[in-house]
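Structure first, then comments.
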Amino acid sequence: MNILSIQSWVAYGHVGNASAMFPMQRLGHEVWGIHTVQFSNHTGYGAWRGEVFGGELIRELVGGMEDRNVLPRCDGVLSGYMGAADIGDAILDTVGRVKAANAAAHYCCDPVIGDVGRGIFVRPGIPEFMRERAVPAADLITPNQFELDYLAGQTTTTLADARAACAAVHATGPRVIMVTSLHTEDTPADAIDLMASGPDGAFRVRTPKLDISVNGAGDAIAALFFVHWKSTHSTAEALSKAASSAYGLLARTAAAGSREILTVAAQDEFVTPSRVFTPEKL
């Protein structure tokens, strides 16, 4: 497939496109990357250098791709962190242009808003943009639990709550939702749940909880889930494959004691995960 990925870029490390593009490429897909920023490193270090690009540059680059008449061959658009509303506007404009050229294309939005324990960490106006415009325009979304709660306007403490929250968000537009980290009353302390909900049902995968805190893992699993779903149109299979690869990647990273995820060194996990987790139908 040909996937257009519009995300941030770092010269050192792996977040945004620097985390999402290579896993998709390793699986044999062509990835057309448009970068929303060019930073020396991810912001988790507390200091970085570089430049934030505006929405007009995104439109200009997509216009150049239109000049090459390649948008009819674009199978999907993937987006992540949006630093400003004008970038979000440009991404949604791009989605419209791609879908006009190829009715079979899909849009996967990773609605980056915040996280449990940290709260909202994006700029003012971005959470509302995600909820009111980006998520309704998306075919697939990959929120974490905090973001799911925000989008649904409710708190999830049980599995039934999570399913109800997904139903509420489905009603706004997205056909498929993958919750990248879920902790409910029945999740063991030493485990982490991932849940996906789509037209073919709701499914859960439970993996061991790893003692690791790194940036960029969410970008990788969103990309993996998107291309696996595009390839199979199976919510369960996409969840199993994405979760298994992400776990293998993080387990290898934890074993190495690395501050950055080992996207390149652990690349075999994207193709043949060391451990495969079977999805449970809910």
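So you can find residues: chains in the structure tokens are A, B, ... in the order shown, residues in each start at 1, and ligands are numbered from 1 in order.
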
* Excluding same-chain residues fewer than 5 positions from stretch 228-233 of chain A, what lies within 9 Å of it counting only C-alpha atoms, as a list in words? -> Met1, Asp75, Gly76, His106, Ala223, Ala238, Leu239, Lys241 and Ala242 of chain A

Selected residues, N, CA, C and O atoms, written as a CSV table (one decimal), in the first residue's frame, please.
```csv
chain,number,residue,atom,x,y,z
A,1,MET,N,0.8,-1.2,0.0
A,1,MET,CA,0.0,0.0,0.0
A,1,MET,C,0.9,1.2,0.0
A,1,MET,O,2.1,1.2,0.3
A,75,ASP,N,-3.5,5.0,-0.4
A,75,ASP,CA,-4.5,4.1,0.2
A,75,ASP,C,-4.9,4.6,1.6
A,75,ASP,O,-5.9,4.1,2.1
A,76,GLY,N,-4.2,5.5,2.2
A,76,GLY,CA,-4.6,6.0,3.5
A,76,GLY,C,-3.8,7.1,4.0
A,76,GLY,O,-2.6,7.3,3.5
A,106,HIS,N,-8.6,5.5,3.4
A,106,HIS,CA,-9.1,5.7,4.8
A,106,HIS,C,-8.2,6.7,5.5
A,106,HIS,O,-7.0,6.8,5.2
A,223,ALA,N,0.5,3.2,13.7
A,223,ALA,CA,0.8,2.9,12.3
A,223,ALA,C,0.6,1.4,12.0
A,223,ALA,O,0.1,1.0,11.0
A,238,ALA,N,-5.9,-7.1,13.4
A,238,ALA,CA,-5.1,-5.9,13.4
A,238,ALA,C,-4.7,-5.6,14.8
A,238,ALA,O,-3.5,-5.3,15.1
A,239,LEU,N,-5.6,-5.8,15.8
A,239,LEU,CA,-5.2,-5.6,17.2
A,239,LEU,C,-4.1,-6.6,17.7
A,239,LEU,O,-3.2,-6.2,18.3
A,241,LYS,N,-1.9,-8.3,15.9
A,241,LYS,CA,-0.6,-8.1,15.2
A,241,LYS,C,0.1,-6.8,15.8
A,241,LYS,O,1.3,-6.8,16.0
A,242,ALA,N,-0.7,-5.8,15.9
A,242,ALA,CA,-0.1,-4.5,16.4
A,242,ALA,C,0.4,-4.6,17.8
A,242,ALA,O,1.5,-4.2,18.2
```

* To do: Going by DSSP on the backbone, which bits of stretch 28-264 of chain A are strand (DSSP E)? Write them as number ranges by chain, please.
  => A: 30-39, 50-52, 76-79, 106-109, 114-115, 119-120, 140-141, 176-182, 191-198, 201-208

* Contacts of A:Ile3 at 9 Å or less, counting only C-alpha atoms, minus same-chain residues fewer than 2 places along, as a list in words? -> Met1, Ser5, Met24, His29, Glu30, Val31, Trp32, Gly33, Cys74, Asp75, Gly76, Val77, Leu78 and Val227 of chain A

* From the set A:Asp149, A:Asp93, A:Asp67, A:Glu60, which residue has the shortest atom-to-atom contact distance to A:Ile34, counting only C-alpha atoms? -> A:Glu60
